[in-house]
$ cat coords-v7.txt   # compact mmCIF, C-alpha atoms
# COMPACT_ATOMS: atom_id res chain seq x y z
CA MET A 1 79.65 105.07 78.80
CA VAL A 2 82.62 102.93 77.81
CA THR A 3 83.03 101.76 74.23
CA LEU A 4 85.32 98.93 73.20
CA TYR A 5 86.87 97.91 69.93
CA ARG A 6 85.78 94.36 69.30
CA LYS A 7 88.28 92.36 67.29
CA PRO A 8 89.00 88.60 67.43
CA GLY A 9 91.22 87.68 70.37
CA LEU A 10 91.26 91.14 71.92
CA GLN A 11 90.52 91.72 75.56
CA CYS A 12 89.73 94.88 77.47
CA LEU A 13 92.79 95.66 79.58
CA LEU A 14 91.88 99.11 80.87
CA SER A 15 88.86 100.84 82.27
CA ILE A 16 89.49 104.53 81.63
CA VAL A 17 87.41 107.40 82.95
CA ILE A 18 87.71 110.76 81.25
CA ALA A 19 87.02 113.97 83.10
CA GLY A 20 86.80 116.08 79.98
CA LEU A 21 85.88 119.76 80.32
CA ILE A 22 83.23 119.48 77.66
CA GLY A 23 79.57 120.13 78.17
CA LYS A 24 78.03 117.88 75.54
CA ALA A 25 78.39 114.66 73.60
CA LEU A 26 80.18 115.36 70.35
CA GLY A 27 78.48 112.66 68.34
CA LEU A 28 81.51 111.44 66.38
CA GLY A 29 79.97 108.00 66.05
CA MET A 30 83.17 106.08 65.29
CA TYR A 31 86.25 106.13 67.47
CA ASP A 32 89.27 105.43 65.32
CA PRO A 33 92.42 107.44 66.09
CA CYS A 34 94.14 105.90 63.08
CA THR A 35 92.02 107.53 60.40
CA THR A 36 93.49 110.55 58.65
CA PRO A 37 92.28 113.53 60.70
CA GLY A 38 90.06 115.99 58.89
CA LEU A 39 90.37 119.76 59.17
CA ALA A 40 89.72 120.82 62.75
CA THR A 41 87.05 123.36 63.63
CA LYS A 42 87.07 125.21 66.95
CA GLY A 43 84.52 123.67 69.30
CA LYS A 44 83.99 120.52 67.24
CA GLY A 45 84.94 116.97 68.11
CA ILE A 46 88.24 115.21 67.54
CA TYR A 47 89.50 111.91 68.87
CA MET A 48 92.98 111.23 70.11
CA GLY A 49 94.76 108.03 71.05
CA MET A 50 97.14 107.16 73.86
CA ALA A 51 99.28 104.04 73.96
CA PHE A 52 100.68 102.57 77.20
CA TRP A 53 103.70 100.22 77.19
CA PRO A 54 104.31 98.13 80.33
CA GLY A 55 108.08 97.74 80.56
CA GLY A 56 108.69 99.90 77.50
CA THR A 57 111.40 102.52 77.85
CA ILE A 58 111.49 105.82 76.00
CA ALA A 59 114.34 104.41 73.90
CA ASP A 60 112.13 101.41 73.00
CA TRP A 61 109.58 103.77 71.44
CA GLY A 62 112.29 105.36 69.30
CA ILE A 63 112.94 109.07 69.11
CA ILE A 64 111.07 111.32 66.68
CA SER A 65 113.58 114.15 66.97
CA LYS A 66 116.16 113.98 64.20
CA THR A 67 118.73 115.60 66.52
CA VAL A 68 119.38 112.25 68.24
CA ALA A 69 122.06 110.27 66.42
CA ASN A 70 121.70 106.49 65.97
CA ALA A 71 118.27 106.44 67.62
CA THR A 72 115.97 103.48 67.08
CA ALA A 73 113.41 104.09 64.34
CA PRO A 74 110.30 105.47 66.04
CA LEU A 75 107.27 103.22 66.42
CA TYR A 76 103.93 104.63 65.30
CA PRO A 77 100.76 103.01 66.69
CA CYS A 78 98.82 103.47 63.43
CA THR A 79 101.45 102.15 60.99
CA THR A 80 100.40 98.71 59.71
CA SER A 81 102.21 98.24 56.38
CA ASN A 82 105.91 98.39 57.22
CA ASN A 83 108.53 95.95 58.49
CA TRP A 84 109.77 97.61 61.66
CA ASN A 85 113.47 97.09 62.33
CA GLU A 86 113.46 93.90 60.22
CA THR A 87 111.20 92.12 62.73
CA GLY A 88 108.69 91.03 60.09
CA LEU A 89 106.04 93.01 61.99
CA SER A 90 104.48 96.38 61.35
CA ASP A 91 104.82 99.07 64.01
CA GLN A 92 101.31 98.37 65.29
CA ALA A 93 101.76 94.59 65.27
CA TYR A 94 105.08 94.87 67.10
CA LEU A 95 103.62 97.15 69.76
CA THR A 96 100.70 94.77 70.26
CA SER A 97 103.11 91.84 70.59
CA GLN A 98 104.88 93.75 73.37
CA GLY A 99 101.66 94.15 75.37
CA VAL A 100 101.02 97.79 74.52
CA VAL A 101 97.50 98.91 75.44
CA PHE A 102 95.66 101.50 73.36
CA ALA A 103 92.92 103.90 74.40
CA THR A 104 90.94 106.54 72.51
CA PHE A 105 89.63 109.81 73.91
CA GLU A 106 86.96 112.08 72.51
CA LEU A 107 88.00 115.72 72.80
CA GLU A 108 86.56 119.09 71.88
CA VAL A 109 88.93 121.22 69.82
CA ASP A 110 90.35 124.12 71.85
CA SER A 111 88.60 123.23 75.10
CA LEU A 112 91.10 122.59 77.88
CA MET A 113 90.60 118.91 78.64
CA ALA A 114 91.51 116.89 81.70
CA LEU A 115 91.82 113.18 80.88
CA ARG A 116 91.79 111.01 83.99
CA ILE A 117 93.22 107.50 84.18
CA ASN A 118 92.59 105.83 87.51
CA TYR A 119 95.41 104.44 89.61
CA THR A 120 93.56 101.12 89.71
CA ASP A 121 93.88 100.98 85.91
CA THR A 122 97.59 101.77 85.69
CA LEU A 123 98.54 99.46 88.57
CA PRO A 124 98.03 96.26 86.49
CA LEU A 125 100.25 97.72 83.76
CA TYR A 126 103.03 98.41 86.24
CA THR A 127 102.61 94.98 87.81
CA LYS A 128 103.02 93.40 84.38
CA ALA A 129 106.19 95.42 83.80
CA TYR A 130 107.58 94.54 87.24
CA ASN A 131 106.95 90.82 86.77
CA ASN A 132 107.83 90.36 83.12
CA ALA A 133 110.00 93.17 81.78
CA SER A 134 113.62 94.21 82.24
CA ALA A 135 112.55 97.78 83.10
CA SER A 136 110.09 98.55 85.91
CA VAL A 137 108.43 101.37 83.99
CA VAL A 138 105.25 102.21 82.10
CA SER A 139 105.58 104.66 79.23
CA ALA A 140 103.01 106.38 77.04
CA VAL A 141 102.59 108.36 73.81
CA MET A 142 99.76 110.44 72.37
CA PHE A 143 98.88 109.66 68.76
CA ARG A 144 96.49 110.55 65.94
CA GLY A 145 96.76 109.17 62.44
CA GLY A 146 100.39 109.35 61.31
CA PHE A 147 101.40 111.63 64.19
CA ARG A 148 102.62 110.72 67.66
CA SER A 149 104.33 112.49 70.51
CA GLU A 150 107.62 111.56 72.05
CA ALA A 151 107.26 109.04 74.87
CA ARG A 152 106.74 109.87 78.55
CA TYR A 153 107.09 107.76 81.67
CA ILE A 154 103.87 107.59 83.65
CA VAL A 155 105.29 105.14 86.21
CA SER A 156 108.91 104.40 87.02
CA GLN A 157 110.55 102.47 89.80
CA ASP A 158 113.74 102.13 87.79
CA THR A 159 116.04 105.09 88.33
CA ALA A 160 118.45 103.78 85.69
CA TYR A 161 115.97 105.06 83.11
CA SER A 162 114.34 108.03 84.82
CA LYS A 163 116.70 109.21 87.61
CA GLY A 164 113.74 109.77 89.91
CA ALA A 165 110.99 107.27 90.77
CA GLY A 166 107.28 107.25 91.45
CA TRP A 167 103.82 107.51 89.88
CA VAL A 168 103.32 110.53 87.65
CA THR A 169 99.98 112.21 88.36
CA SER A 170 100.11 115.10 85.86
CA LEU A 171 101.08 115.39 82.20
CA ALA A 172 100.29 118.17 79.75
CA GLY A 173 100.07 117.96 75.98
CA ILE A 174 99.47 120.38 73.13
CA THR A 175 97.91 119.53 69.77
CA LYS A 176 99.29 121.86 67.10
CA PHE A 177 97.29 122.85 64.03
CA SER A 178 97.78 125.02 60.96
CA LYS A 179 94.55 126.08 59.21
CA GLY A 180 92.87 123.09 60.84
CA THR A 181 95.49 120.54 59.77
CA LEU A 182 97.13 118.62 62.61
CA THR A 183 100.88 119.19 62.39
CA TYR A 184 102.37 118.06 65.70
CA LEU A 185 101.68 116.42 69.07
CA GLN A 186 103.88 117.76 71.82
CA TRP A 187 104.21 117.31 75.56
CA ASN A 188 104.68 120.40 77.70
CA ASP A 189 107.36 119.95 80.35
CA MET A 190 105.68 120.11 83.78
CA THR A 191 108.96 120.70 85.69
CA CYS A 192 109.72 119.30 89.15
CA ASN A 193 109.19 122.58 90.95
CA ASN A 194 106.40 121.10 93.08
CA CYS A 195 108.54 118.27 94.45
CA GLY A 196 111.85 119.89 95.28
CA GLY A 197 113.41 120.34 91.84
CA LYS A 198 115.61 118.20 89.64
CA ASP A 199 117.72 116.85 92.50
CA ASP A 200 114.75 115.37 94.34
CA ALA A 201 114.38 111.58 94.28
CA ARG A 202 110.80 112.01 93.08
CA CYS A 203 111.75 113.94 89.94
CA ILE A 204 111.30 111.66 86.93
CA GLN A 205 113.48 113.19 84.24
CA VAL A 206 114.60 112.22 80.76
CA THR A 207 116.05 114.29 77.92
CA THR A 208 115.78 113.02 74.35
CA GLY A 209 117.08 115.43 71.76
CA THR A 210 115.13 118.67 72.12
CA ASP A 211 112.41 117.02 74.25
CA ALA A 212 112.65 116.83 78.04
CA GLN A 213 110.47 115.30 80.73
CA HIS A 214 110.53 116.57 84.29
CA SER A 215 107.60 115.11 86.21
CA CYS A 216 106.96 114.81 89.92
CA GLY A 217 106.36 111.22 90.97
CA THR A 218 104.32 110.17 93.97
CA VAL A 219 106.12 107.61 96.15
CA ALA A 220 104.63 104.22 95.31
CA SER A 221 104.15 103.11 98.92
CA THR A 222 101.87 106.09 99.59
CA CYS A 223 99.47 105.46 96.70
CA GLY A 224 96.01 104.79 98.06
CA VAL A 225 97.12 105.52 101.63
CA ASN A 226 95.36 108.24 103.61
CA GLY A 227 93.59 109.48 100.52
CA THR A 228 96.71 109.79 98.33
CA ASP A 229 95.48 109.54 94.75
CA CYS A 230 98.00 108.31 92.20
CA SER A 231 95.66 108.58 89.23
CA LEU A 232 97.03 110.27 86.12
CA GLN A 233 95.54 113.51 84.82
CA THR A 234 96.60 114.47 81.30
CA TYR A 235 95.75 118.05 80.37
CA VAL A 236 95.36 118.72 76.64
CA GLY A 237 95.05 122.02 74.82
CA ALA A 238 95.42 123.28 71.25
CA SER A 239 97.58 125.87 69.50
CA GLY A 240 97.55 127.32 66.01
CA ASP A 241 94.26 127.93 64.17
CA ASP A 242 91.31 126.06 62.73
CA ARG A 243 90.12 125.58 59.16
CA ASN A 244 88.55 129.03 59.22
CA GLY A 245 91.66 130.75 60.58
CA ILE A 246 90.21 131.14 64.09
CA ALA A 247 93.05 131.07 66.62
CA PHE A 248 93.11 128.48 69.39
CA ASN A 249 93.55 129.68 72.96
CA SER A 250 93.82 126.59 75.16
CA GLY A 251 97.49 125.97 74.31
CA TRP A 252 98.64 128.93 76.42
CA MET A 253 96.66 127.54 79.36
CA ILE A 254 98.69 124.33 79.14
CA GLN A 255 101.91 126.33 79.15
CA GLU A 256 100.74 128.17 82.26
CA ILE A 257 100.73 124.88 84.16
CA ASN A 258 104.48 125.30 84.55
CA ARG A 259 104.02 128.25 86.87
CA LEU A 260 100.52 127.75 88.26
CA SER A 261 99.02 124.83 90.07
CA VAL A 262 96.34 123.03 88.09
CA LEU A 263 93.74 124.19 90.61
CA SER A 264 94.79 127.82 90.19
CA LEU A 265 94.80 127.38 86.42
CA TYR A 266 91.20 126.24 86.46
CA ASP A 267 90.15 128.93 88.92
CA ASN A 268 91.65 131.58 86.65
CA SER A 269 89.99 130.17 83.56
CA LYS A 270 86.41 129.56 84.69
CA MET A 271 84.93 131.60 81.87
CA ASP A 272 86.51 129.24 79.37
CA LEU A 273 85.73 126.02 81.22
CA THR A 274 81.96 125.90 81.25
CA ALA A 275 80.10 122.91 82.71
CA ALA A 276 83.32 121.55 84.20
CA ALA A 277 81.68 119.98 87.23
CA SER A 278 79.28 117.74 85.33
CA SER A 279 81.11 117.24 82.06
CA ASN A 280 82.40 113.97 80.70
CA ALA A 281 83.45 112.42 77.42
CA ASP A 282 83.50 108.95 75.94
CA ALA A 283 86.45 106.60 76.23
CA VAL A 284 87.28 103.78 73.87
CA ILE A 285 89.51 101.03 75.21
CA GLY A 286 91.04 98.12 73.34
CA GLN A 287 94.35 96.48 72.56
CA THR A 288 94.64 97.60 68.96
CA PRO A 289 93.13 100.63 67.22
CA THR A 290 91.44 99.90 63.93
CA THR A 291 93.02 101.36 60.84
CA SER A 292 90.08 101.45 58.45
CA SER A 293 87.75 104.42 58.25
CA SER A 294 84.87 101.94 57.97
CA SER A 295 85.46 100.46 61.42
CA THR A 296 82.57 100.44 63.87
CA ALA A 297 82.71 101.29 67.54
CA LEU A 298 80.57 98.93 69.59
CA VAL A 299 78.99 99.97 72.86
CA ALA A 300 79.47 97.78 75.91
$ encode --input "coords-v7.txt" --output "structure tokens"
Amino acid sequence: MVTLYRKPGLQCLLSIVIAGLIGKALGLGMYDPCTTPGLATKGKGIYMGMAFWPGGTIADWGIISKTVANATAPLYPCTTSNNWNETGLSDQAYLTSQGVVFATFELEVDSLMALRINYTDTLPLYTKAYNNASASVVSAVMFRGGFRSEARYIVSQDTAYSKGAGWVTSLAGITKFSKGTLTYLQWNDMTCNNCGGKDDARCIQVTTGTDAQHSCGTVASTCGVNGTDCSLQTYVGASGDDRNGIAFNSGWMIQEINRLSVLSLYDNSKMDLTAAASSNADAVIGQTPTTSSSSTALVA
């Protein structure tokens, strides 16, 4: 099932399939990643947003880390009441004006999730960047309420920004909690060990303050050829503890991705990943996330 935000003038730009390792519908009812998140409980539902910027560089997103001097003020997808960089637009309005696409995912707290975005869905975003933007890249952030991650390139054919080039097929993120309160959204560096290391032309790499991306890119000309799948899988786990002080365990699984293949990771974690073969979760796709807790998700 795909659910869309319906707002005047908005069009569905993505069709996103989630392969979530979750054995049941969570019944959240409304899909609004811009509401203030409540206290998380292990095994219960939570929704998370991702924003995709065709032609947007990591510098365009702004840097959250305060260790980067003179960085552009970071853009937050859920901020609607400010005047970003004296543009007369809020963060959210500015991002929308730049063609940023938003999607919402329904997750289960502390279940290792695999969020799949098909190559056929990211290709139009790259095509838009290639035809209309100064940078031939597509970047993305995770977000929830007032929190967002640093930005990551999911496609780059512009080595001036990413050194390497290609279509990223794996990202890994960790949601950090303290007594159930969301405190941080962080990417886990995947490394380029599987594609020849940092010197390989396929190694997409960027360092911003204390955050670094090293992602293997698949050569664009091979996508869709002889079964080569350039779809993006984003693996999400949790660290910290829930509202009852119960520790989360899936965060360490994400960190293990650095030294294990994803297949090996799943094989070694079967006891924790029940119903993986038949599981799925709901996706919400739209240009702009709503910002009111009274918003309604409509089923299409």
$ closest_residue --input "coords-v7.txt" --among "A:Ser136, A:Asn249, A:Asn118, A:Asn244" --to "A:Gly180" --atoms "all atoms listed in the file"
A:Asn244
$ residues_around --input "coords-v7.txt" --residues "A:Ser81" --least-positions-apart "2" --cutoff "10 Å" --atoms "only C-alpha atoms" --output "list in words"
Cys78, Thr79, Asn83, Trp84, Leu89, Ser90, Asp91, Gln92 and Ala93 of chain A
$ residues_around --input "coords-v7.txt" --residues "stretch 155-167 of chain A" --least-positions-apart "5" --cutoff "10 Å" --atoms "all atoms listed in the file" --output "PyMOL selection string"
chain A and resi 54-55+57-59+119+122-123+125-126+129-130+134-140+198-207+213-223+229-232
$ closest_residue --input "coords-v7.txt" --among "A:Thr234, A:Thr183, A:Ser178, A:Ser111" --to "A:Gly146" --atoms "only C-alpha atoms"
A:Thr183
$ residues_near_point --input "coords-v7.txt" --point "(90.7, 123.4, 57.3)" --cutoff "9 Å" --atoms "all atoms listed in the file" --output "tab-separated table (two decimals) with C-alpha atoms, in the coordinates of the input"
chain	number	residue	atom	x	y	z
A	38	GLY	CA	90.06	115.99	58.89
A	39	LEU	CA	90.37	119.76	59.17
A	40	ALA	CA	89.72	120.82	62.75
A	41	THR	CA	87.05	123.36	63.63
A	178	SER	CA	97.78	125.02	60.96
A	179	LYS	CA	94.55	126.08	59.21
A	180	GLY	CA	92.87	123.09	60.84
A	181	THR	CA	95.49	120.54	59.77
A	241	ASP	CA	94.26	127.93	64.17
A	242	ASP	CA	91.31	126.06	62.73
A	243	ARG	CA	90.12	125.58	59.16
A	244	ASN	CA	88.55	129.03	59.22
A	245	GLY	CA	91.66	130.75	60.58
$ closest_residue --input "coords-v7.txt" --among "A:Gly197, A:Gly49, A:Gly62, A:Gly43" --to "A:Asp110" --atoms "only C-alpha atoms"
A:Gly43
$ atom_distance --input "coords-v7.txt" --atom1 "atom CA of A:Ile63" --atom2 "atom CA of A:Ser170"
21.9 Å
$ atom_distance --input "coords-v7.txt" --atom1 "atom CA of A:Met190" --atom2 "atom CA of A:Met50"
18.4 Å
$ atom_distance --input "coords-v7.txt" --atom1 "atom CA of A:Ala73" --atom2 "atom CA of A:Thr169"
28.7 Å
$ closest_residue --input "coords-v7.txt" --among "A:Gln233, A:Ser239, A:Thr228, A:Thr210" --to "A:Leu185" --atoms "only C-alpha atoms"
A:Ser239
$ residues_near_point --input "coords-v7.txt" --point "(88.6, 112.9, 67.7)" --cutoff "10 Å" --atoms "only C-alpha atoms" --output "list of chain:residue names"
A:Leu26, A:Leu28, A:Met30, A:Tyr31, A:Asp32, A:Pro33, A:Thr35, A:Pro37, A:Gly38, A:Ala40, A:Lys44, A:Gly45, A:Ile46, A:Tyr47, A:Met48, A:Gly49, A:Thr104, A:Phe105, A:Glu106, A:Leu107, A:Glu108, A:Val109, A:Arg144
$ closest_residue --input "coords-v7.txt" --among "A:Phe52, A:Thr96, A:Tyr76, A:Asn131" --to "A:Ile117" --atoms "all atoms listed in the file"
A:Phe52
$ axis_aligned_box --input "coords-v7.txt" --around "stretch 180-185 of chain A" --padding-each-side "6 Å" --output "lines of an AutoDock Vina configuration file"
center_x = 97.6
center_y = 119.8
center_z = 64.4
size_x = 21.5
size_y = 18.7
size_z = 21.3
